[in-house]
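Novice: Structure: model36.cif, mmCIF, C-alpha atoms and all ligand atoms.
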data_start
#
loop_
_atom_site.group_PDB
_atom_site.id
_atom_site.type_symbol
_atom_site.label_atom_id
_atom_site.label_comp_id
_atom_site.auth_asym_id
_atom_site.auth_seq_id
_atom_site.Cartn_x
_atom_site.Cartn_y
_atom_site.Cartn_z
ATOM 1 C CA MET A 1 7.170 -8.397 -7.052
ATOM 2 C CA ARG A 2 10.208 -9.114 -4.907
ATOM 3 C CA ILE A 3 11.543 -12.604 -5.595
ATOM 4 C CA THR A 4 13.915 -14.304 -3.164
ATOM 5 C CA ILE A 5 15.427 -17.622 -4.205
ATOM 6 C CA VAL A 6 16.729 -19.711 -1.316
ATOM 7 C CA LYS A 7 18.568 -23.004 -0.945
ATOM 8 C CA ASP A 8 15.838 -25.182 0.503
ATOM 9 C CA TYR A 9 12.579 -25.561 2.450
ATOM 10 C CA ASP A 10 14.235 -24.750 5.738
ATOM 11 C CA GLU A 11 15.629 -21.445 4.567
ATOM 12 C CA MET A 12 12.297 -20.572 2.906
ATOM 13 C CA SER A 13 10.445 -21.258 6.170
ATOM 14 C CA LYS A 14 12.869 -19.191 8.266
ATOM 15 C CA LYS A 15 12.719 -16.223 5.894
ATOM 16 C CA ALA A 16 8.914 -16.361 5.789
ATOM 17 C CA ALA A 17 8.667 -16.495 9.589
ATOM 18 C CA GLU A 18 11.027 -13.509 9.803
ATOM 19 C CA ILE A 19 8.703 -11.449 7.586
ATOM 20 C CA ILE A 20 5.595 -12.469 9.568
ATOM 21 C CA SER A 21 7.275 -11.804 12.924
ATOM 22 C CA LYS A 22 8.418 -8.377 11.713
ATOM 23 C CA GLN A 23 4.814 -7.612 10.757
ATOM 24 C CA ILE A 24 3.636 -8.687 14.239
ATOM 25 C CA ARG A 25 6.326 -6.671 16.033
ATOM 26 C CA THR A 26 5.696 -3.523 13.977
ATOM 27 C CA LYS A 27 1.910 -3.784 14.291
ATOM 28 C CA PRO A 28 0.935 -5.977 17.271
ATOM 29 C CA ASP A 29 -2.771 -5.859 16.288
ATOM 30 C CA SER A 30 -2.116 -6.980 12.708
ATOM 31 C CA VAL A 31 -4.679 -8.909 10.715
ATOM 32 C CA LEU A 32 -2.908 -11.928 9.226
ATOM 33 C CA GLY A 33 -4.150 -14.190 6.445
ATOM 34 C CA PHE A 34 -3.020 -17.798 6.797
ATOM 35 C CA ALA A 35 -2.776 -20.795 4.481
ATOM 36 C CA THR A 36 -2.636 -24.545 5.105
ATOM 37 C CA GLY A 37 -0.975 -27.418 3.221
ATOM 38 C CA GLY A 38 2.565 -28.748 3.322
ATOM 39 C CA THR A 39 4.269 -25.481 2.354
ATOM 40 C CA PRO A 40 3.681 -23.328 5.484
ATOM 41 C CA ILE A 41 4.259 -26.036 8.132
ATOM 42 C CA GLY A 42 7.938 -25.076 8.586
ATOM 43 C CA THR A 43 7.000 -21.394 8.808
ATOM 44 C CA TYR A 44 4.468 -22.112 11.562
ATOM 45 C CA LYS A 45 7.066 -24.216 13.423
ATOM 46 C CA GLU A 46 9.465 -21.296 13.338
ATOM 47 C CA LEU A 47 6.756 -18.870 14.517
ATOM 48 C CA VAL A 48 6.010 -21.204 17.453
ATOM 49 C CA ARG A 49 9.728 -21.249 18.289
ATOM 50 C CA MET A 50 9.829 -17.432 18.135
ATOM 51 C CA HIS A 51 6.836 -17.256 20.480
ATOM 52 C CA LYS A 52 8.386 -19.675 22.989
ATOM 53 C CA GLU A 53 11.993 -18.458 22.862
ATOM 54 C CA GLU A 54 11.682 -14.804 21.901
ATOM 55 C CA GLY A 55 8.266 -13.895 23.282
ATOM 56 C CA LEU A 56 6.664 -13.177 19.901
ATOM 57 C CA ASP A 57 3.249 -11.960 21.021
ATOM 58 C CA PHE A 58 0.071 -13.074 19.225
ATOM 59 C CA SER A 59 -2.354 -11.783 21.860
ATOM 60 C CA ARG A 60 -3.714 -8.921 19.727
ATOM 61 C CA ILE A 61 -3.439 -10.661 16.348
ATOM 62 C CA THR A 62 -6.548 -11.393 14.266
ATOM 63 C CA THR A 63 -6.400 -14.126 11.616
ATOM 64 C CA PHE A 64 -8.401 -15.175 8.565
ATOM 65 C CA ASN A 65 -7.681 -18.457 6.816
ATOM 66 C CA LEU A 66 -7.958 -18.781 3.079
ATOM 67 C CA ASP A 67 -10.134 -21.841 2.878
ATOM 68 C CA GLU A 68 -11.745 -24.936 4.352
ATOM 69 C CA TYR A 69 -12.994 -28.222 2.929
ATOM 70 C CA TYR A 70 -16.764 -28.199 2.549
ATOM 71 C CA GLY A 71 -18.315 -30.968 4.632
ATOM 72 C CA LEU A 72 -15.530 -31.272 7.235
ATOM 73 C CA GLY A 73 -16.154 -30.055 10.777
ATOM 74 C CA PRO A 74 -13.466 -28.415 12.953
ATOM 75 C CA ASP A 75 -12.691 -31.693 14.754
ATOM 76 C CA HIS A 76 -11.994 -33.660 11.588
ATOM 77 C CA PRO A 77 -8.215 -34.319 11.549
ATOM 78 C CA GLN A 78 -7.978 -33.289 7.882
ATOM 79 C CA SER A 79 -9.962 -30.081 8.290
ATOM 80 C CA TYR A 80 -8.080 -26.834 7.964
ATOM 81 C CA HIS A 81 -9.419 -25.852 11.406
ATOM 82 C CA TYR A 82 -7.676 -28.838 12.898
ATOM 83 C CA PHE A 83 -4.527 -28.128 10.878
ATOM 84 C CA MET A 84 -4.268 -24.510 12.056
ATOM 85 C CA PHE A 85 -4.831 -25.326 15.728
ATOM 86 C CA SER A 86 -2.437 -28.266 15.766
ATOM 87 C CA ASN A 87 0.316 -26.553 13.755
ATOM 88 C CA LEU A 88 0.096 -23.016 15.156
ATOM 89 C CA PHE A 89 -2.776 -21.695 17.249
ATOM 90 C CA ASN A 90 -2.527 -24.257 20.083
ATOM 91 C CA HIS A 91 1.131 -23.331 20.602
ATOM 92 C CA VAL A 92 0.979 -19.516 20.683
ATOM 93 C CA ASN A 93 -0.951 -17.001 22.796
ATOM 94 C CA ILE A 94 -3.602 -16.192 20.199
ATOM 95 C CA ASP A 95 -7.144 -15.380 21.314
ATOM 96 C CA PRO A 96 -9.336 -18.068 19.641
ATOM 97 C CA LYS A 97 -12.092 -15.447 19.329
ATOM 98 C CA ARG A 98 -9.897 -13.574 16.864
ATOM 99 C CA VAL A 99 -9.332 -16.669 14.688
ATOM 100 C CA HIS A 100 -11.471 -16.946 11.544
ATOM 101 C CA ILE A 101 -11.565 -20.035 9.342
ATOM 102 C CA PRO A 102 -14.372 -20.727 6.856
ATOM 103 C CA ASP A 103 -17.036 -23.009 8.321
ATOM 104 C CA GLY A 104 -17.011 -26.272 6.356
ATOM 105 C CA LEU A 105 -20.385 -27.159 7.864
ATOM 106 C CA ALA A 106 -22.122 -23.859 7.049
ATOM 107 C CA LYS A 107 -25.793 -24.540 6.274
ATOM 108 C CA ASP A 108 -26.369 -21.369 4.274
ATOM 109 C CA VAL A 109 -23.065 -21.205 2.415
ATOM 110 C CA GLU A 110 -23.861 -18.042 0.507
ATOM 111 C CA ALA A 111 -24.776 -16.138 3.663
ATOM 112 C CA PHE A 112 -21.680 -17.499 5.410
ATOM 113 C CA CYS A 113 -19.375 -16.337 2.586
ATOM 114 C CA LYS A 114 -20.913 -12.869 2.607
ATOM 115 C CA LYS A 115 -20.393 -12.663 6.368
ATOM 116 C CA TYR A 116 -16.763 -13.822 6.047
ATOM 117 C CA GLU A 117 -16.059 -10.992 3.604
ATOM 118 C CA GLU A 118 -17.762 -8.521 5.948
ATOM 119 C CA GLU A 119 -15.719 -9.741 8.901
ATOM 120 C CA ILE A 120 -12.477 -9.176 6.982
ATOM 121 C CA LYS A 121 -13.604 -5.610 6.210
ATOM 122 C CA LYS A 122 -14.730 -5.009 9.806
ATOM 123 C CA ALA A 123 -11.289 -6.106 11.050
ATOM 124 C CA GLY A 124 -9.756 -3.420 8.823
ATOM 125 C CA GLY A 125 -8.626 -5.709 5.987
ATOM 126 C CA ILE A 126 -5.758 -8.195 5.892
ATOM 127 C CA ASP A 127 -2.327 -6.659 6.545
ATOM 128 C CA LEU A 128 -0.286 -9.651 5.394
ATOM 129 C CA GLN A 129 -1.609 -12.673 3.514
ATOM 130 C CA LEU A 130 0.464 -15.859 3.398
ATOM 131 C CA LEU A 131 -0.051 -18.031 0.290
ATOM 132 C CA GLY A 132 1.095 -21.337 -1.145
ATOM 133 C CA ILE A 133 0.526 -22.290 -4.770
ATOM 134 C CA GLY A 134 -0.945 -25.423 -6.327
ATOM 135 C CA ARG A 135 0.697 -27.291 -9.215
ATOM 136 C CA ASP A 136 -2.065 -25.921 -11.456
ATOM 137 C CA GLY A 137 -1.232 -22.367 -10.380
ATOM 138 C CA HIS A 138 -4.091 -21.967 -7.890
ATOM 139 C CA ILE A 139 -4.005 -19.679 -4.870
ATOM 140 C CA ALA A 140 -6.360 -20.637 -2.046
ATOM 141 C CA PHE A 141 -8.803 -22.946 -3.869
ATOM 142 C CA ASN A 142 -9.164 -20.675 -6.882
ATOM 143 C CA GLU A 143 -8.733 -23.354 -9.504
ATOM 144 C CA PRO A 144 -8.053 -22.660 -13.214
ATOM 145 C CA GLY A 145 -10.966 -20.753 -14.709
ATOM 146 C CA SER A 146 -11.869 -18.948 -11.461
ATOM 147 C CA SER A 147 -12.694 -15.301 -11.994
ATOM 148 C CA LEU A 148 -9.740 -13.114 -11.129
ATOM 149 C CA THR A 149 -12.158 -10.829 -9.243
ATOM 150 C CA SER A 150 -13.899 -13.681 -7.378
ATOM 151 C CA ARG A 151 -14.931 -13.377 -3.723
ATOM 152 C CA THR A 152 -15.364 -15.933 -0.918
ATOM 153 C CA ARG A 153 -17.559 -18.742 -2.231
ATOM 154 C CA LEU A 154 -18.119 -22.482 -2.617
ATOM 155 C CA VAL A 155 -15.879 -24.065 -5.272
ATOM 156 C CA ALA A 156 -15.253 -27.536 -6.727
ATOM 157 C CA LEU A 157 -11.695 -28.878 -6.483
ATOM 158 C CA ALA A 158 -9.755 -29.712 -9.654
ATOM 159 C CA GLU A 159 -8.809 -33.361 -10.176
ATOM 160 C CA GLU A 160 -5.104 -32.494 -9.862
ATOM 161 C CA THR A 161 -5.735 -30.857 -6.477
ATOM 162 C CA ILE A 162 -7.770 -33.849 -5.254
ATOM 163 C CA LYS A 163 -4.849 -36.120 -6.245
ATOM 164 C CA ASP A 164 -2.259 -33.821 -4.623
ATOM 165 C CA ASN A 165 -4.213 -33.549 -1.375
ATOM 166 C CA ALA A 166 -4.919 -37.294 -1.201
ATOM 167 C CA ARG A 167 -1.571 -37.652 0.620
ATOM 168 C CA PHE A 168 -3.202 -36.208 3.726
ATOM 169 C CA PHE A 169 -6.139 -38.680 3.627
ATOM 170 C CA GLU A 170 -6.365 -42.443 3.878
ATOM 171 C CA LYS A 171 -7.564 -42.758 0.288
ATOM 172 C CA GLU A 172 -8.284 -40.442 -2.618
ATOM 173 C CA GLU A 173 -12.073 -40.962 -2.352
ATOM 174 C CA ASP A 174 -11.957 -39.372 1.109
ATOM 175 C CA VAL A 175 -10.754 -36.000 -0.210
ATOM 176 C CA PRO A 176 -13.711 -33.606 -0.181
ATOM 177 C CA ARG A 177 -14.716 -32.439 -3.671
ATOM 178 C CA PHE A 178 -15.768 -28.945 -2.572
ATOM 179 C CA ALA A 179 -14.308 -26.145 -0.494
ATOM 180 C CA ILE A 180 -15.147 -22.685 0.755
ATOM 181 C CA THR A 181 -12.409 -20.311 -0.345
ATOM 182 C CA MET A 182 -11.518 -16.647 -0.378
ATOM 183 C CA GLY A 183 -11.620 -15.402 -3.960
ATOM 184 C CA CYS A 184 -8.809 -13.880 -6.012
ATOM 185 C CA GLY A 185 -10.466 -10.498 -5.471
ATOM 186 C CA THR A 186 -10.492 -11.041 -1.698
ATOM 187 C CA ILE A 187 -6.790 -11.980 -1.699
ATOM 188 C CA MET A 188 -5.870 -9.008 -3.894
ATOM 189 C CA GLU A 189 -7.249 -6.638 -1.232
ATOM 190 C CA ALA A 190 -4.632 -7.758 1.315
ATOM 191 C CA LYS A 191 -2.132 -4.957 1.891
ATOM 192 C CA LYS A 192 0.874 -7.268 1.561
ATOM 193 C CA ILE A 193 1.203 -10.759 0.139
ATOM 194 C CA LEU A 194 3.832 -13.404 0.883
ATOM 195 C CA LEU A 195 3.821 -16.438 -1.423
ATOM 196 C CA LEU A 196 5.952 -19.512 -0.705
ATOM 197 C CA ALA A 197 6.776 -22.454 -2.954
ATOM 198 C CA ASN A 198 9.270 -25.287 -2.741
ATOM 199 C CA GLY A 199 10.147 -28.361 -4.756
ATOM 200 C CA GLU A 200 10.425 -29.202 -8.435
ATOM 201 C CA ALA A 201 6.722 -30.086 -8.655
ATOM 202 C CA LYS A 202 5.897 -26.376 -8.289
ATOM 203 C CA SER A 203 8.406 -25.135 -10.891
ATOM 204 C CA ASP A 204 5.947 -24.909 -13.826
ATOM 205 C CA ALA A 205 3.340 -23.065 -11.756
ATOM 206 C CA VAL A 206 6.000 -20.686 -10.397
ATOM 207 C CA ALA A 207 7.371 -19.859 -13.867
ATOM 208 C CA ALA A 208 3.842 -19.411 -15.229
ATOM 209 C CA PHE A 209 2.592 -17.046 -12.545
ATOM 210 C CA ILE A 210 5.722 -14.873 -12.461
ATOM 211 C CA GLU A 211 6.683 -14.770 -16.132
ATOM 212 C CA GLY A 212 3.553 -15.799 -18.025
ATOM 213 C CA PRO A 213 0.491 -13.762 -18.958
ATOM 214 C CA ILE A 214 -2.164 -12.809 -16.413
ATOM 215 C CA THR A 215 -4.823 -15.436 -16.938
ATOM 216 C CA SER A 216 -7.601 -17.145 -15.018
ATOM 217 C CA GLN A 217 -5.950 -20.423 -16.094
ATOM 218 C CA ILE A 218 -3.158 -19.667 -13.569
ATOM 219 C CA THR A 219 -4.978 -17.747 -10.875
ATOM 220 C CA ALA A 220 -1.748 -16.826 -9.032
ATOM 221 C CA SER A 221 -0.830 -14.705 -12.075
ATOM 222 C CA ILE A 222 -3.243 -12.003 -10.829
ATOM 223 C CA LEU A 223 -0.569 -11.247 -8.195
ATOM 224 C CA GLN A 224 1.358 -9.453 -10.967
ATOM 225 C CA MET A 225 -1.230 -6.690 -10.461
ATOM 226 C CA HIS A 226 -0.618 -6.401 -6.700
ATOM 227 C CA PRO A 227 1.744 -3.635 -5.544
ATOM 228 C CA ASP A 228 3.345 -5.471 -2.616
ATOM 229 C CA VAL A 229 4.115 -9.155 -3.212
ATOM 230 C CA THR A 230 7.093 -11.053 -1.815
ATOM 231 C CA VAL A 231 7.807 -14.487 -3.291
ATOM 232 C CA ILE A 232 10.160 -16.855 -1.476
ATOM 233 C CA ILE A 233 10.987 -20.016 -3.399
ATOM 234 C CA ASP A 234 13.677 -22.645 -3.222
ATOM 235 C CA GLU A 235 16.077 -23.444 -6.084
ATOM 236 C CA ALA A 236 13.968 -26.407 -7.234
ATOM 237 C CA ALA A 237 10.767 -24.363 -7.494
ATOM 238 C CA ALA A 238 12.721 -21.575 -9.245
ATOM 239 C CA SER A 239 14.344 -23.925 -11.761
ATOM 240 C CA LYS A 240 12.096 -23.009 -14.720
ATOM 241 C CA LEU A 241 12.277 -19.227 -14.328
ATOM 242 C CA LYS A 242 13.874 -17.678 -17.418
ATOM 243 C CA ARG A 243 15.134 -14.609 -15.559
ATOM 244 C CA LYS A 244 16.297 -16.389 -12.418
ATOM 245 C CA GLU A 245 19.736 -14.749 -12.391
ATOM 246 C CA TYR A 246 18.177 -11.321 -12.795
ATOM 247 C CA TYR A 247 15.865 -11.872 -9.781
ATOM 248 C CA LYS A 248 18.850 -12.997 -7.704
ATOM 249 C CA HIS A 249 20.790 -9.900 -8.767
ATOM 250 C CA VAL A 250 17.929 -7.546 -7.811
ATOM 251 C CA ASP A 251 17.403 -9.327 -4.491
ATOM 252 C CA ARG A 252 21.145 -9.046 -3.694
ATOM 253 C CA LEU A 253 21.150 -5.320 -4.474
ATOM 254 C CA PHE A 254 18.165 -4.683 -2.205
ATOM 255 C CA ARG A 255 19.624 -6.795 0.593
ATOM 256 C CA ASP A 256 22.870 -4.769 0.465
ATOM 257 C CA LEU A 257 20.885 -1.533 0.478
ATOM 258 C CA GLU A 258 18.773 -2.699 3.458
ATOM 259 C CA LYS A 259 21.950 -3.579 5.392
ATOM 260 C CA LYS A 260 23.214 -0.017 4.926
ATOM 261 C CA THR A 261 19.968 1.734 5.899
HETATM 262 C C1 LIG B 301 -4.223 -23.996 1.413
HETATM 263 C C2 LIG B 301 -4.336 -23.376 0.111
HETATM 264 C C3 LIG B 301 -3.754 -23.992 -1.121
HETATM 265 C C4 LIG B 301 -2.313 -24.480 -0.953
HETATM 266 C C5 LIG B 301 -1.810 -25.123 -2.239
HETATM 267 C C6 LIG B 301 -0.420 -25.726 -2.060
HETATM 268 O O1 LIG B 301 -4.856 -23.224 2.399
HETATM 269 O O2 LIG B 301 -4.933 -22.363 0.031
HETATM 270 O O3 LIG B 301 -3.808 -23.078 -2.183
HETATM 271 O O4 LIG B 301 -1.503 -23.403 -0.599
HETATM 272 O O5 LIG B 301 -2.676 -26.116 -2.652
HETATM 273 O O6 LIG B 301 -0.495 -26.797 -1.169
HETATM 274 P P1 LIG B 301 0.817 -27.480 -0.559
HETATM 275 O O7 LIG B 301 1.451 -26.438 0.300
HETATM 276 O O8 LIG B 301 0.318 -28.638 0.243
HETATM 277 O O9 LIG B 301 1.668 -27.856 -1.713
#
Take the structure I supplied and represent it as structure tokens, if you would.
Ligand code: F6R

Specialist:
Amino acid sequence: MRITIVKDYDEMSKKAAEIISKQIRTKPDSVLGFATGGTPIGTYKELVRMHKEEGLDFSRITTFNLDEYYGLGPDHPQSYHYFMFSNLFNHVNIDPKRVHIPDGLAKDVEAFCKKYEEEIKKAGGIDLQLLGIGRDGHIAFNEPGSSLTSRTRLVALAEETIKDNARFFEKEEDVPRFAITMGCGTIMEAKKILLLANGEAKSDAVAAFIEGPITSQITASILQMHPDVTVIIDEAAASKLKRKEYYKHVDRLFRDLEKKT
């Protein structure tokens, strides 16, 4: 796990966009996994800027989103469909046919989830998966207690997550109680993973998933078993890491080495 600790949200977003744009430039037909929520908004803004000012080309990119609220259609302003199109896809030259987001209105949810998994495989697997993390240590909507080998499925949201996400809705009762989400097992099959976190509110979850035991109580902890994870966090989110100075030291050494090669 490569851990980069940055000053603030802005620096986190710029560094994340750099990694994603490098992936796109090196492999123009990459399959990218995207996340929603407050964390990646700055990253998407920067990717839009790179498209407009530097010609970053999304025309051959395929995408799969982590999750979608169950019961919300693509036109609902709080759906993850709506989020992705308004924050990224409407502003870059992506082919909408190559965009995949779980269908919150799927009638046969089980069949839909099976098909979603098959589509990821058919596309050749996810090259780079972007992740945020919940305060309870969740990745995608894999709440505490989710199997660490779980696949795409219908899940119930934890109370903490409902409360956290209420900020995007008019009132807490409006937050859907269910979601369709990629599983931990699905995420673990991505070739590379990039996890972002900012703010003090994430500091316990960050310390737990990096330095704690691998446990289904903190589903992000399964990332300790993945061979290619980059974590970019700001100082506030890193504040409870016991070995913070060590991670900074390692990151500095690698940065110097990369400059020379
Ligand atoms: C969103 C997702 C979630 C969020 C997490 C953090 O697609 O999968 O796991 O990444 O809940 O949300 P924010 O970024 O709003 O703090």

Novice: Quick one: of A:Asn198, A:Ser203, A:Asn165, A:Gln217, who's nearest to A:Ser146, counting only C-alpha atoms?

Specialist: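 The shortest atom-to-atom distance to A:Ser146 comes from A:Gln217.
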
Novice: From the set A:Pro144, A:Gly71, A:Pro77, A:Gly33, which residue has the shortest atom-to-atom contact distance to A:Ile101, counting all atoms listed in the file?

Specialist: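 Ranked by minimum distance to A:Ile101, first place goes to A:Gly33.
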
Novice: If the PyMOL selection byres (((not hetatm)) within 9 of (chain B and resi 301)) is run on the structure shown, which residues does it catch, given as an NGL selection string?

Specialist: :A and (34-41 or 65-68 or 80 or 130-143 or 161 or 164-165 or 181-182 or 195-198 or 201-202)

Novice: Mind running stretch 43-69 of chain A against stretch 111-122 of chain A at 10 Å and telling me each contacting residue's nearest atom pair with the distance in Å (one decimal), counting all atoms listed in the file, chain and number ascending, as JSON lines?

Specialist:
{"residue": "A:Thr62", "atom": "CA", "partner": "A:Ile120", "partner_atom": "CA", "distance": 9.7}
{"residue": "A:Thr63", "atom": "CA", "partner": "A:Ile120", "partner_atom": "CA", "distance": 9.1}
{"residue": "A:Phe64", "atom": "CA", "partner": "A:Ile120", "partner_atom": "CA", "distance": 7.4}

Novice: Applying the PyMOL selection byres (((chain A and resi 208) around 12) and not hetatm) to the file I just gave you, which residues come out? Please list them as number ranges by chain.

Specialist: A: 133-138, 202-207, 209-224, 237-242

Novice: Please evaluate the PyMOL selection byres (((chain A and resi 177) around 10) and not hetatm) against the displayed coordinates and give the resulting residues as a PyMOL selection string.

Specialist: chain A and resi 69-71+155-159+161-162+173-176+178-179

Novice: Ranking A:Leu257, A:Ile232, A:Ile94, A:Val109 by minimum distance to A:Thr43 and counting all atoms listed in the file, which one comes first?

Specialist: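 Among the listed residues, the smallest separation from A:Thr43 belongs to A:Ile232.
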
Novice: I need the residue nearest A:Asp108 from this list: A:Ser21, A:Ser79, A:Ile180, A:Arg60. Use only C-alpha atoms for the distance.

Specialist: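 Smallest distance to A:Asp108 is found for A:Ile180.
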
Novice: Have stretch 4-12 of chain A completed to all heavy atoms, please, and pass it along as a compact mmCIF listing (two decimals), in the coordinates of the input.

Specialist:
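File rebuild.txt, as written:
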# COMPACT_ATOMS: atom_id res chain seq x y z
N THR A 4 12.73 -13.83 -3.87
CA THR A 4 13.92 -14.30 -3.16
C THR A 4 14.05 -15.80 -3.41
O THR A 4 13.11 -16.56 -3.14
CB THR A 4 13.78 -14.02 -1.64
OG1 THR A 4 13.67 -12.60 -1.46
CG2 THR A 4 14.99 -14.51 -0.87
N ILE A 5 15.20 -16.19 -3.94
CA ILE A 5 15.43 -17.62 -4.20
C ILE A 5 16.37 -18.15 -3.13
O ILE A 5 17.46 -17.61 -2.93
CB ILE A 5 16.00 -17.82 -5.62
CG1 ILE A 5 14.98 -17.27 -6.63
CG2 ILE A 5 16.28 -19.31 -5.89
CD1 ILE A 5 15.45 -17.18 -8.06
N VAL A 6 15.94 -19.18 -2.43
CA VAL A 6 16.73 -19.71 -1.32
C VAL A 6 17.13 -21.15 -1.62
O VAL A 6 16.65 -21.76 -2.56
CB VAL A 6 15.94 -19.63 0.02
CG1 VAL A 6 15.68 -18.19 0.41
CG2 VAL A 6 14.64 -20.42 -0.08
N LYS A 7 18.00 -21.67 -0.74
CA LYS A 7 18.57 -23.00 -0.94
C LYS A 7 17.49 -24.09 -0.84
O LYS A 7 17.36 -24.94 -1.70
CB LYS A 7 19.65 -23.18 0.13
CG LYS A 7 20.53 -24.39 0.01
CD LYS A 7 21.72 -24.28 0.94
CE LYS A 7 21.45 -24.55 2.36
NZ LYS A 7 21.13 -23.95 3.48
N ASP A 8 16.75 -24.06 0.25
CA ASP A 8 15.84 -25.18 0.50
C ASP A 8 14.62 -24.77 1.36
O ASP A 8 14.46 -23.60 1.70
CB ASP A 8 16.60 -26.32 1.20
CG ASP A 8 17.29 -25.84 2.47
OD1 ASP A 8 16.92 -24.76 2.98
OD2 ASP A 8 18.22 -26.53 2.95
N TYR A 9 13.82 -25.77 1.69
CA TYR A 9 12.58 -25.56 2.45
C TYR A 9 12.84 -24.87 3.78
O TYR A 9 12.10 -23.96 4.19
CB TYR A 9 11.92 -26.93 2.69
CG TYR A 9 10.61 -26.87 3.44
CD1 TYR A 9 9.42 -26.59 2.76
CD2 TYR A 9 10.56 -27.10 4.81
CE1 TYR A 9 8.21 -26.54 3.44
CE2 TYR A 9 9.35 -27.05 5.50
CZ TYR A 9 8.18 -26.78 4.81
OH TYR A 9 6.99 -26.72 5.50
N ASP A 10 13.92 -25.29 4.43
CA ASP A 10 14.24 -24.75 5.74
C ASP A 10 14.51 -23.25 5.68
O ASP A 10 13.97 -22.47 6.49
CB ASP A 10 15.49 -25.49 6.24
CG ASP A 10 15.50 -25.54 7.73
OD1 ASP A 10 14.41 -25.70 8.29
OD2 ASP A 10 16.60 -25.39 8.32
N GLU A 11 15.31 -22.87 4.70
CA GLU A 11 15.63 -21.44 4.57
C GLU A 11 14.37 -20.65 4.17
O GLU A 11 14.15 -19.54 4.66
CB GLU A 11 16.74 -21.28 3.52
CG GLU A 11 17.45 -19.93 3.65
CD GLU A 11 18.51 -19.71 2.58
OE1 GLU A 11 18.97 -20.70 1.96
OE2 GLU A 11 18.86 -18.54 2.37
N MET A 12 13.55 -21.23 3.31
CA MET A 12 12.30 -20.57 2.91
C MET A 12 11.42 -20.32 4.14
O MET A 12 10.90 -19.22 4.35
CB MET A 12 11.55 -21.48 1.90
CG MET A 12 10.20 -20.96 1.48
SD MET A 12 9.24 -22.22 0.61
CE MET A 12 8.56 -23.17 1.99
